[in-house]
Amino acid sequence: MSLVACYGGSRLGKCWTILEERYPEIYPKHLQTRNPYACIAHRTLGDWGSRIVSACVQITLFGAGTVYLILAAELLDDLLKGLIPIGPCTWVLILAAFLLPAMWLGSPKDFWGVAVGALLTTAFSCLFMFTQIMIDGMQFSIHRNTRQHTFANFFMAYGTIAFSFGGASTFPTIQNDMLDRSRFPFSVAVGFILIMVLYLPVAIGGMLVYGETVSPNIALTLGDSWLVDAANLLMACHLILAFLIVTNPVSQELEHIMNVPHEFGRQRLWLRSSLILGMVLMAESIPQFGKILSLVGGSTITLLTFVLPPLCYMKLCDQIGPWPPLRPIPIHERVFIYEMIGLGIFGGTVATYNSLVSIFSPNSFSRPCYFNWW
């Protein structure tokens with residue numbers, strides 16, 4: 001899935017480069033576009049495609065921001081419950097209040113240090129987690145129970161894995177802030193390689209050492225040590241920083257729809273404050289992050305990462321107009337694109353259905369946080 005997502009991201013970057021070459025008067029290279037993904041869809045799929053992409057981007061990044069809030073709250077609660085036993089639901093409110101001023105910043109170029117910090121914190125956190133997994137594997141005899149898994153479990157996992165590779169929603173916005181936008185496919189490849197280097201050892205180690213006993217948040221399964229505390233603190237910092245990155249395209253898209261000026265002002269303040277308030281409401285209503293994660297991963301992220309990028313790229317290459325012709329897509333690549341789209345639609349549909357069943361099932365219903373406050 002990482003290779004497929006990497007291919008989709010590189011095609012998305014290529015799509016924007018093509019638009020800049022074909023329509024320099026509409027998409028000048030020296031200006032930033034607030035909704036580049038929707039512009040790509042508009043030129044390839046028409047108005048309906050642009051609307052679908054806009055809606056999917058909003059839902060995806062709204063869901064991702066909500067998941068990051070819940071995860072960061074869980075990690076901070078686990079880390080500080082001996083000193084501040086207030087529970088993850090209250091931590092969500094504290095984190096939202098802490099992040100609100102940073103939400104008012106303009107675009108990723110205004111807080112590039114956030115991206116660097118997010119990379120460093122997750123790198124060291126994964127290193128500490130993997131070290132603790134190896135220590136647990138050598139010191140303790142953990143009985144790994146096994147059980148029969150159903151297709152429903154498989155497709156729930158598909159949605160979760162798709163979520164982890166769902167950065168396509170932010171790719172065009174990030175590309176718009178680059179000096180040399182034609183090199184974006186290379187940046188995507190490097191990014192996905194780093195993701196695999198960081199996450200694969202933790203995933204494989206967790207499976208081999210803990211088996212079925214591992215929790216959805218693996219940090220809560222690790223043994224007690226300073227390594228785990230450091231990893232939890234760093235991962236919480238990563239989630240807080242990543243929250244600012246993934247929510248920024250949502251803010252810019254909404255500002256474009258509502259004609260909010262680019263300059264900082266009262267309209268931006270109210271709109272972005274309302275956005276984070278909605279995320280808090282979602283986090284307090286469905287505190288089990290795994291269900292949101294699987295639902296978003298199987299639905300909108302599958303569309304934005306595995307279906308629409310290759311489809312838009314193929315349509316752009318097939319278009320005929322008063323511009324220099326692009327090289328035709330080789331038959332083997334075209335077959336791969338059709339397979340990628342077909343499998344993405346099938347897997348995403350089944351994963352979305354199973355996620356909805358899990359959310360609304362009486363046996364798995366979780367009590368909203370605000371019910372516990374009264």
# chains A, B, ... in the order shown; residues from 1 in each chain; ligands from 1
>>> select_by_dssp(residues="stretch 219-355 of chain A", states="helix (DSSP H, G or I)", output="ChimeraX atom specification")
/A:219-220,226-257,266-285,289-318,331-355
>>> residues_around(residues="A:His238", least_positions_apart="6", cutoff="12 Å", atoms="only C-alpha atoms", output="list in words")
Tyr68, Leu69, Leu71, Ala72, Leu75, Val114, Ala115, Val116, Gly117, Ala118, Leu119, Leu120, Thr121, Thr122, Ala123, Phe124, Ser125, Cys126, Ala231, Asn232, Leu244 and Ile245 of chain A
>>> atom_distance(atom1="atom CA of A:Arg272", atom2="atom CA of A:Gly166")
22.3 Å
>>> residues_around(residues="A:Ser273", least_positions_apart="4", cutoff="10 Å", atoms="only C-alpha atoms", output="mmCIF file with C-alpha atoms, in the first residue's frame")
data_model
loop_
_atom_site.group_PDB
_atom_site.id
_atom_site.type_symbol
_atom_site.label_atom_id
_atom_site.label_comp_id
_atom_site.auth_asym_id
_atom_site.auth_seq_id
_atom_site.Cartn_x
_atom_site.Cartn_y
_atom_site.Cartn_z
ATOM 1 C CA ALA A 96 -7.664 22.382 21.689
ATOM 2 C CA ALA A 97 -7.275 25.574 23.723
ATOM 3 C CA LEU A 100 -6.092 27.462 18.858
ATOM 4 C CA PRO A 101 -3.652 30.414 18.475
ATOM 5 C CA MET A 103 -4.399 27.467 14.042
ATOM 6 C CA TRP A 104 -4.685 31.136 13.054
ATOM 7 C CA SER A 251 -8.952 26.053 6.796
ATOM 8 C CA GLN A 267 -12.983 36.366 9.608
ATOM 9 C CA ARG A 268 -10.063 33.932 9.686
ATOM 10 C CA LEU A 269 -10.117 33.945 13.477
ATOM 11 C CA LEU A 277 -14.614 23.534 18.019
ATOM 12 C CA GLY A 278 -16.217 21.043 15.623
#
>>> residues_around(residues="A:Leu127", least_positions_apart="3", cutoff="12 Å", atoms="only C-alpha atoms", output="JSON, numbers by chain")
{"A": [120, 121, 122, 123, 124, 130, 131, 132, 133, 134, 197, 198, 199, 200, 201, 202, 205, 227, 228, 230, 231, 232, 234, 235]}
>>> closest_residue(among="A:Ile341, A:Leu19, A:Leu311, A:Ile59", to="A:Gly297", atoms="only C-alpha atoms")
A:Ile59
>>> residues_around(residues="A:Cys56", least_positions_apart="4", cutoff="7 Å", atoms="only C-alpha atoms", output="CSV table (one decimal) with C-alpha atoms, in the first residue's frame")
chain,number,residue,atom,x,y,z
A,52,ILE,CA,-16.4,15.8,-4.5
A,60,THR,CA,-10.5,13.6,5.6
A,300,THR,CA,-12.4,9.6,1.7
>>> closest_residue(among="A:Pro185, A:Met138, A:Tyr338, A:Leu241", to="A:Gly113", atoms="only C-alpha atoms")
A:Leu241
>>> closest_residue(among="A:Ala242, A:Ile257, A:Ile86, A:Ile301", to="A:Arg51", atoms="only C-alpha atoms")
A:Ile257
